[in-house]
>>> print(open('run.pdb').read())   # PDB, C-alpha atoms
ATOM      1  CA  MET A  22      92.698  88.443 105.362
ATOM      2  CA  ILE A  23      96.120  89.094 106.843
ATOM      3  CA  LYS A  24      98.244  85.978 106.473
ATOM      4  CA  ARG A  25     100.053  84.650 109.511
ATOM      5  CA  VAL A  26     103.766  85.459 109.319
ATOM      6  CA  GLN A  27     105.841  82.281 109.595
ATOM      7  CA  ARG A  28     109.235  82.305 111.237
ATOM      8  CA  HIS A  29     112.073  80.901 109.136
ATOM      9  CA  SER A  30     115.605  80.095 110.171
ATOM     10  CA  LYS A  31     116.870  82.583 107.620
ATOM     11  CA  SER A  32     115.164  85.487 109.355
ATOM     12  CA  PRO A  33     117.685  88.115 110.433
ATOM     13  CA  PHE A  34     116.093  87.922 113.890
ATOM     14  CA  ALA A  35     116.287  84.119 114.199
ATOM     15  CA  ARG A  36     120.022  83.403 114.113
ATOM     16  CA  LYS A  37     120.609  82.426 117.726
ATOM     17  CA  SER A  38     122.695  79.355 116.811
ATOM     18  CA  GLU A  39     125.341  81.508 115.170
ATOM     19  CA  LEU A  40     125.911  83.330 118.439
ATOM     20  CA  SER A  41     125.672  80.433 120.895
ATOM     21  CA  ASP A  42     129.443  79.824 121.135
ATOM     22  CA  ASP A  43     130.057  83.231 122.684
ATOM     23  CA  LYS A  44     128.316  83.603 126.044
ATOM     24  CA  THR A  45     128.620  87.380 125.996
ATOM     25  CA  MET A  46     127.182  87.685 122.536
ATOM     26  CA  ASN A  47     124.477  85.150 123.370
ATOM     27  CA  GLY A  48     123.442  87.157 126.411
ATOM     28  CA  SER A  49     123.385  90.331 124.378
ATOM     29  CA  TYR A  50     121.311  88.583 121.692
ATOM     30  CA  GLN A  51     118.753  87.413 124.246
ATOM     31  CA  ARG A  52     118.358  90.965 125.500
ATOM     32  CA  CYS A  53     117.956  92.338 121.953
ATOM     33  CA  TRP A  54     115.645  89.602 120.661
ATOM     34  CA  PRO A  55     112.320  90.937 122.046
ATOM     35  CA  THR A  56     112.951  94.442 120.715
ATOM     36  CA  ALA A  57     114.192  93.236 117.331
ATOM     37  CA  TYR A  58     111.320  90.812 116.886
ATOM     38  CA  PHE A  59     108.794  93.470 117.901
ATOM     39  CA  ILE A  60     110.162  95.861 115.261
ATOM     40  CA  TRP A  61     110.159  93.113 112.609
ATOM     41  CA  ALA A  62     106.598  92.016 113.447
ATOM     42  CA  SER A  63     105.330  95.605 113.533
ATOM     43  CA  LEU A  64     106.809  96.409 110.123
ATOM     44  CA  THR A  65     105.385  93.194 108.663
ATOM     45  CA  LEU A  66     101.933  93.942 110.053
ATOM     46  CA  LEU A  67     102.120  97.493 108.726
ATOM     47  CA  LEU A  68     103.037  96.314 105.234
ATOM     48  CA  CYS A  69     100.340  93.645 105.236
ATOM     49  CA  SER A  70      97.712  96.093 106.423
ATOM     50  CA  GLN A  71      98.306  98.269 103.368
ATOM     51  CA  ALA A  72      96.542  95.636 101.292
ATOM     52  CA  PHE A  73      93.354  96.504 103.176
ATOM     53  CA  ALA A  74      93.940 100.267 103.237
ATOM     54  CA  GLU A  75      92.437 101.002  99.841
ATOM     55  CA  GLN A  76      91.238 104.579  99.896
ATOM     56  CA  TYR A  77      87.722 105.285  98.701
ATOM     57  CA  ARG A  78      87.623 107.925  95.994
ATOM     58  CA  PHE A  79      84.717 109.602  94.269
ATOM     59  CA  ASP A  80      86.410 109.299  90.884
ATOM     60  CA  ARG A  81      86.368 105.484  90.919
ATOM     61  CA  PRO A  82      85.068 104.230  87.532
ATOM     62  CA  ALA A  83      81.946 102.605  88.963
ATOM     63  CA  TYR A  84      79.001 104.725  87.797
ATOM     64  CA  LEU A  85      76.023 102.481  87.076
ATOM     65  CA  GLY A  86      73.091 104.796  86.449
ATOM     66  CA  ASN A  87      70.450 106.988  88.059
ATOM     67  CA  ALA A  88      68.924 106.417  91.482
ATOM     68  CA  GLU A  89      65.778 104.785  90.063
ATOM     69  CA  LEU A  90      67.823 101.628  89.482
ATOM     70  CA  LEU A  91      67.203 100.807  93.163
ATOM     71  CA  PRO A  92      63.397 100.989  93.558
ATOM     72  CA  ASN A  93      63.383 100.949  97.391
ATOM     73  CA  TRP A  94      65.901 103.801  97.474
ATOM     74  CA  ALA A  95      63.967 105.773  94.843
ATOM     75  CA  GLU A  96      60.762 105.352  96.872
ATOM     76  CA  ALA A  97      62.495 106.671 100.006
ATOM     77  CA  LEU A  98      63.735 109.696  98.066
ATOM     78  CA  ALA A  99      60.188 110.385  96.825
ATOM     79  CA  ARG A 100      58.799 110.159 100.363
ATOM     80  CA  HIS A 101      61.533 112.496 101.623
ATOM     81  CA  ARG A 102      60.648 115.077  98.963
ATOM     82  CA  SER A 103      56.997 114.922 100.007
ATOM     83  CA  GLN A 104      58.013 115.447 103.677
ATOM     84  CA  LYS A 105      60.386 118.294 102.894
ATOM     85  CA  LEU A 106      57.637 120.896 103.323
ATOM     86  CA  GLN A 107      57.241 119.873 106.969
ATOM     87  CA  ILE A 108      60.961 120.417 107.554
ATOM     88  CA  ASP A 109      61.019 123.775 105.752
ATOM     89  CA  THR A 110      57.931 125.016 107.615
ATOM     90  CA  CYS A 111      59.428 124.010 110.962
ATOM     91  CA  LEU A 112      62.674 125.827 110.183
ATOM     92  CA  VAL A 113      60.751 129.029 109.531
ATOM     93  CA  ASP A 114      58.711 128.931 112.745
ATOM     94  CA  GLU A 115      59.212 126.623 115.728
ATOM     95  CA  LYS A 116      55.502 126.842 116.541
ATOM     96  CA  LEU A 117      54.835 124.992 113.296
ATOM     97  CA  CYS A 118      57.005 122.013 114.285
ATOM     98  CA  ASP A 119      54.384 119.332 114.895
ATOM     99  CA  SER A 120      56.589 116.781 116.665
ATOM    100  CA  ARG A 121      59.477 116.542 119.117
ATOM    101  CA  GLY A 122      61.616 115.062 116.331
ATOM    102  CA  LEU A 123      61.053 118.107 114.143
ATOM    103  CA  LYS A 124      61.836 120.463 117.006
ATOM    104  CA  SER A 125      65.141 118.715 117.704
ATOM    105  CA  LEU A 126      65.890 118.739 113.981
ATOM    106  CA  ARG A 127      65.282 122.491 113.827
ATOM    107  CA  HIS A 128      67.523 123.071 116.833
ATOM    108  CA  ILE A 129      70.418 121.048 115.414
ATOM    109  CA  LEU A 130      70.221 122.610 111.942
ATOM    110  CA  LEU A 131      70.128 126.160 113.293
ATOM    111  CA  ARG A 132      72.992 125.389 115.637
ATOM    112  CA  ALA A 133      75.070 123.884 112.821
ATOM    113  CA  ALA A 134      74.367 126.618 110.270
ATOM    114  CA  ASP A 135      77.222 128.928 111.291
ATOM    115  CA  LEU A 136      79.817 126.264 112.103
ATOM    116  CA  GLU A 137      82.851 125.318 110.031
ATOM    117  CA  PRO A 138      82.360 122.123 107.966
ATOM    118  CA  GLU A 139      84.443 119.891 110.243
ATOM    119  CA  ARG A 140      82.406 120.945 113.280
ATOM    120  CA  GLN A 141      79.215 120.430 111.302
ATOM    121  CA  PHE A 142      80.279 116.851 110.552
ATOM    122  CA  SER A 143      80.952 116.187 114.238
ATOM    123  CA  LEU A 144      77.673 117.726 115.374
ATOM    124  CA  ILE A 145      75.545 115.885 112.806
ATOM    125  CA  ASN A 146      77.380 112.622 113.464
ATOM    126  CA  ARG A 147      76.727 112.828 117.214
ATOM    127  CA  TYR A 148      73.095 113.880 116.755
ATOM    128  CA  VAL A 149      72.231 110.970 114.477
ATOM    129  CA  ASN A 150      74.232 108.354 116.370
ATOM    130  CA  LYS A 151      72.256 109.055 119.550
ATOM    131  CA  ARG A 152      69.067 107.797 117.947
ATOM    132  CA  HIS A 153      67.661 104.350 118.694
ATOM    133  CA  PHE A 154      69.390 101.516 116.819
ATOM    134  CA  ARG A 155      66.906  99.186 115.160
ATOM    135  CA  ARG A 156      68.097  96.374 112.922
ATOM    136  CA  ASP A 157      66.346  96.142 109.571
ATOM    137  CA  ARG A 158      64.990  92.853 108.319
ATOM    138  CA  ALA A 159      66.989  91.697 105.327
ATOM    139  CA  HIS A 160      65.949  89.395 102.511
ATOM    140  CA  ARG A 161      67.565  87.778  99.499
ATOM    141  CA  GLN A 162      66.710  88.900  95.991
ATOM    142  CA  LEU A 163      68.275  89.189  92.574
ATOM    143  CA  SER A 164      70.425  92.303  92.556
ATOM    144  CA  ALA A 165      69.798  94.875  89.868
ATOM    145  CA  ILE A 166      73.423  95.848  90.321
ATOM    146  CA  SER A 167      75.423  92.624  90.359
ATOM    147  CA  GLU A 168      72.831  90.371  88.617
ATOM    148  CA  ARG A 169      73.218  87.724  91.314
ATOM    149  CA  GLU A 170      71.379  86.912  94.518
ATOM    150  CA  GLU A 171      72.362  89.241  97.353
ATOM    151  CA  VAL A 172      71.191  90.082 100.871
ATOM    152  CA  PHE A 173      69.251  93.346 100.748
ATOM    153  CA  ARG A 174      67.611  95.546 103.349
ATOM    154  CA  SER A 175      63.830  95.483 103.139
ATOM    155  CA  LYS A 176      63.320  99.258 103.137
ATOM    156  CA  TRP A 177      65.158 102.578 103.083
ATOM    157  CA  ILE A 178      63.635 105.269 105.273
ATOM    158  CA  THR A 179      63.450 109.062 105.183
ATOM    159  CA  LEU A 180      64.904 111.553 107.633
ATOM    160  CA  LEU A 181      61.557 112.114 109.410
ATOM    161  CA  GLU A 182      60.891 108.373 109.593
ATOM    162  CA  PHE A 183      64.323 107.901 111.145
ATOM    163  CA  LEU A 184      63.657 110.614 113.747
ATOM    164  CA  ARG A 185      60.435 108.860 114.736
ATOM    165  CA  ARG A 186      61.727 105.318 115.179
ATOM    166  CA  GLY A 187      65.497 105.143 114.700
ATOM    167  CA  GLY A 188      67.105 102.617 112.387
ATOM    168  CA  ASP A 189      70.219 100.671 111.491
ATOM    169  CA  CYS A 190      73.564 101.765 110.029
ATOM    170  CA  GLU A 191      72.120 102.393 106.545
ATOM    171  CA  ASP A 192      69.450 104.608 108.099
ATOM    172  CA  TYR A 193      72.087 106.435 110.156
ATOM    173  CA  ALA A 194      74.081 107.132 106.992
ATOM    174  CA  THR A 195      70.958 108.218 105.093
ATOM    175  CA  ALA A 196      69.870 110.580 107.882
ATOM    176  CA  LYS A 197      73.328 112.193 107.889
ATOM    177  CA  TYR A 198      73.096 112.525 104.110
ATOM    178  CA  PHE A 199      69.757 114.389 104.305
ATOM    179  CA  LEU A 200      70.972 116.600 107.164
ATOM    180  CA  LEU A 201      74.118 117.673 105.321
ATOM    181  CA  ARG A 202      72.013 118.389 102.260
ATOM    182  CA  GLU A 203      69.857 120.660 104.463
ATOM    183  CA  LEU A 204      73.066 122.460 105.468
ATOM    184  CA  GLY A 205      73.907 123.112 101.834
ATOM    185  CA  PHE A 206      76.446 120.407 101.015
ATOM    186  CA  PRO A 207      76.250 119.577  97.296
ATOM    187  CA  VAL A 208      74.866 116.222  96.196
ATOM    188  CA  HIS A 209      78.028 115.347  94.241
ATOM    189  CA  ASP A 210      80.104 115.416  97.462
ATOM    190  CA  LEU A 211      77.904 112.978  99.409
ATOM    191  CA  ARG A 212      77.270 109.243  99.102
ATOM    192  CA  VAL A 213      75.713 106.549 101.257
ATOM    193  CA  LEU A 214      78.350 103.846 100.905
ATOM    194  CA  VAL A 215      77.571 100.171 101.577
ATOM    195  CA  SER A 216      80.533  97.872 102.140
ATOM    196  CA  TYR A 217      81.626  94.613 103.721
ATOM    197  CA  ASP A 218      83.608  95.359 106.869
ATOM    198  CA  ARG A 219      86.349  92.740 107.178
ATOM    199  CA  LYS A 220      87.040  93.729 110.789
ATOM    200  CA  VAL A 221      83.591  92.740 112.030
ATOM    201  CA  ARG A 222      82.780  90.352 109.151
ATOM    202  CA  GLY A 223      79.490  91.995 108.308
ATOM    203  CA  TYR A 224      77.805  94.438 105.954
ATOM    204  CA  HIS A 225      77.985  98.067 106.969
ATOM    205  CA  ALA A 226      77.094 101.541 105.689
ATOM    206  CA  VAL A 227      78.669 104.943 106.244
ATOM    207  CA  LEU A 228      78.187 108.415 104.873
ATOM    208  CA  ALA A 229      81.110 109.264 102.580
ATOM    209  CA  VAL A 230      81.879 112.975 102.293
ATOM    210  CA  ARG A 231      84.313 114.317  99.704
ATOM    211  CA  GLN A 232      86.581 117.091 100.972
ATOM    212  CA  PRO A 233      87.964 120.067  98.977
ATOM    213  CA  ASP A 234      91.295 118.219  98.543
ATOM    214  CA  ASP A 235      89.410 115.177  97.099
ATOM    215  CA  SER A 236      90.064 113.058 100.191
ATOM    216  CA  VAL A 237      87.009 111.245 101.561
ATOM    217  CA  TRP A 238      85.819 111.160 105.165
ATOM    218  CA  PHE A 239      83.539 108.463 106.558
ATOM    219  CA  LEU A 240      80.913 109.441 109.144
ATOM    220  CA  GLU A 241      80.591 106.222 111.134
ATOM    221  CA  SER A 242      77.676 104.940 113.201
ATOM    222  CA  ASN A 243      79.990 104.330 116.180
ATOM    223  CA  GLY A 244      80.599 108.076 116.538
ATOM    224  CA  SER A 245      83.962 108.243 114.802
ATOM    225  CA  ILE A 246      84.921 110.155 111.675
ATOM    226  CA  ILE A 247      87.479 108.319 109.544
ATOM    227  CA  ARG A 248      89.589 110.932 107.812
ATOM    228  CA  GLY A 249      90.975 109.244 104.722
ATOM    229  CA  LYS A 250      92.284 105.947 106.200
ATOM    230  CA  HIS A 251      89.766 103.401 104.965
ATOM    231  CA  ARG A 252      91.134 100.081 106.217
ATOM    232  CA  GLY A 253      89.254  96.813 106.125
ATOM    233  CA  TYR A 254      86.395  97.721 103.764
ATOM    234  CA  HIS A 255      85.287  95.873 100.642
ATOM    235  CA  TYR A 256      83.138  98.439  98.821
ATOM    236  CA  ILE A 257      79.912  97.103  97.324
ATOM    237  CA  PHE A 258      77.794 100.015  96.112
ATOM    238  CA  ALA A 259      77.040 103.670  96.805
ATOM    239  CA  VAL A 260      74.012 105.899  96.268
ATOM    240  CA  ASN A 261      72.919 109.485  96.471
ATOM    241  CA  GLU A 262      69.731 111.154  95.312
ATOM    242  CA  GLU A 263      70.914 111.198  91.713
ATOM    243  CA  SER A 264      73.033 108.108  91.055
ATOM    244  CA  VAL A 265      74.123 104.559  91.879
ATOM    245  CA  TRP A 266      77.714 103.259  91.787
ATOM    246  CA  ASP A 267      78.522  99.555  91.552
ATOM    247  CA  HIS A 268      81.883  99.053  93.271
ATOM    248  CA  ASP A 269      81.560  95.273  93.418
ATOM    249  CA  ALA A 270      81.773  95.118  89.626
ATOM    250  CA  GLU A 271      85.193  96.824  89.734
ATOM    251  CA  LYS A 272      86.708  93.565  91.020
ATOM    252  CA  GLY A 273      85.260  91.494  88.243
TER
END
>>> encode(input="run.pdb", output="structure tokens")
Amino acid sequence: MIKRVQRHSKSPFARKSELSDDKTMNGSYQRCWPTAYFIWASLTLLLCSQAFAEQYRFDRPAYLGNAELLPNWAEALARHRSQKLQIDTCLVDEKLCDSRGLKSLRHILLRAADLEPERQFSLINRYVNKRHFRRDRAHRQLSAISEREEVFRSKWITLLEFLRRGGDCEDYATAKYFLLRELGFPVHDLRVLVSYDRKVRGYHAVLAVRQPDDSVWFLESNGSIIRGKHRGYHYIFAVNEESVWDHDAEKG
């Protein structure tokens, strides 16, 4: 939380009494005060905001284990693998796409295939974010990660399940993960990242994508792509199809 900045008499911008004997200087001070205070407040806010600007990095020492540590996530991965044949068949021949969702998926993947990575991110982000938002029912259970009671989503879903009925921010991030994997992005450069968003005071998920320079971009569910400026997030855990990372344990 950003602490409220208190004004003290010793502030270089709060010395009006020293100038009050000279009317000319006092008038000049009054004209300068708004500009000076604005600069002071802006610099203070900028410095304070750096405390919440911790950059997410893939080399954080938070590896916990393989993906099977989260049973619901592992089950979703298994279902996705079993549905992969439908996706592959549809990509080969549009006539074999047995649903509107598969046809739209084929169209977007073929369209994205020849684009540069940054344009692929934008296209996939827009495509997924247009789907119906449906909040998942959460429940409390003992976390296999933190070993304390946490609020968990009831179920992770696959790409085809998402195309059929939409989902919430975790499902948006997961769908983007599977789509970028279809486009050939390596598993070690992608993570579904769950965090606590201090700006909205709620849990949130994004797709984190590592770039060639080791910076990390967030593909957000509001349509934006955050390019390396990760302000306001408290990272909790991350997953991909191979591993789980416990970021909450880094603080303790």
>>> closest_atom_pairs(input="run.pdb", of="range 75-155 of chain A", to="range 238-251 of chain A", cutoff="12 Å", atoms="all atoms listed in the file", output="CSV")
residue,atom,partner,partner_atom,distance
A:Glu75,CA,A:His251,CA,6.3
A:Gln76,CA,A:His251,CA,5.4
A:Tyr77,CA,A:His251,CA,6.9
A:Arg78,CA,A:Gly249,CA,9.4
A:Phe79,CA,A:Trp238,CA,11.1
A:Pro138,CA,A:Trp238,CA,11.8
A:Glu139,CA,A:Ile246,CA,9.9
A:Arg140,CA,A:Ile246,CA,11.2
A:Gln141,CA,A:Leu240,CA,11.3
A:Phe142,CA,A:Leu240,CA,7.6
A:Ser143,CA,A:Ile246,CA,7.7
A:Leu144,CA,A:Gly244,CA,10.2
A:Ile145,CA,A:Leu240,CA,9.2
A:Asn146,CA,A:Gly244,CA,6.4
A:Arg147,CA,A:Gly244,CA,6.2
A:Tyr148,CA,A:Gly244,CA,9.5
A:Val149,CA,A:Ser242,CA,8.2
A:Asn150,CA,A:Ser242,CA,5.8
A:Lys151,CA,A:Gly244,CA,8.9
A:Arg152,CA,A:Ser242,CA,10.2
A:His153,CA,A:Ser242,CA,11.4
A:Phe154,CA,A:Ser242,CA,9.7
>>> atom_distance(input="run.pdb", atom1="CA of Asp269 in chain A", atom2="CA of Asp192 in chain A")
21.2 Å
>>> residues_around(input="run.pdb", residues="Glu203 in chain A", least_positions_apart="3", cutoff="10 Å", atoms="only C-alpha atoms", output="list in words")
Lys105, Ile108, Asp109, Leu130, Ala134, Lys197, Tyr198, Phe199, Leu200, Phe206 and Pro207 of chain A
>>> atom_distance(input="run.pdb", atom1="CA of Thr179 in chain A", atom2="CA of Gly223 in chain A")
23.6 Å
>>> resolve_selection(input="run.pdb", expression="the PyMOL selection byres ((chain A and resi 181) around 8)", output="PyMOL selection string")
chain A and resi 101+104+122-123+179-180+182-185
>>> write_last_selection(input="run.pdb", atoms="C-alpha atoms", output="short mmCIF file (atom, residue, chain, number, x, y, z; two decimals), in the coordinates of the input")
data_model
loop_
_atom_site.label_atom_id
_atom_site.label_comp_id
_atom_site.auth_asym_id
_atom_site.auth_seq_id
_atom_site.Cartn_x
_atom_site.Cartn_y
_atom_site.Cartn_z
CA HIS A 101 61.53 112.50 101.62
CA GLN A 104 58.01 115.45 103.68
CA GLY A 122 61.62 115.06 116.33
CA LEU A 123 61.05 118.11 114.14
CA THR A 179 63.45 109.06 105.18
CA LEU A 180 64.90 111.55 107.63
CA GLU A 182 60.89 108.37 109.59
CA PHE A 183 64.32 107.90 111.14
CA LEU A 184 63.66 110.61 113.75
CA ARG A 185 60.44 108.86 114.74
#
>>> axis_aligned_box(input="run.pdb", around="range 109-118 of chain A", padding_each_side="6 Å", output="AutoDock Vina command-line options")
--center_x 58.8 --center_y 125.5 --center_z 111.1 --size_x 19.8 --size_y 19.0 --size_z 22.8
>>> closest_residue(input="run.pdb", among="A:Arg202, A:Lys176, A:Ala259, A:Ala133", to="Pro92 in chain A", atoms="all atoms listed in the file")
A:Lys176
>>> resolve_selection(input="run.pdb", expression="the PyMOL selection byres ((chain A and resi 213-215) around 12)", output="number ranges by chain")
A: 77-79, 88, 94, 172-174, 177, 190-199, 201, 208-212, 216-218, 223-231, 237-241, 254-269
>>> closest_residue(input="run.pdb", among="A:Arg219, A:Leu131, A:Gly188, A:Gly253", to="Leu204 in chain A", atoms="only C-alpha atoms")
A:Leu131
>>> atom_distance(input="run.pdb", atom1="CA of Ile178 in chain A", atom2="CA of Glu89 in chain A")
15.4 Å
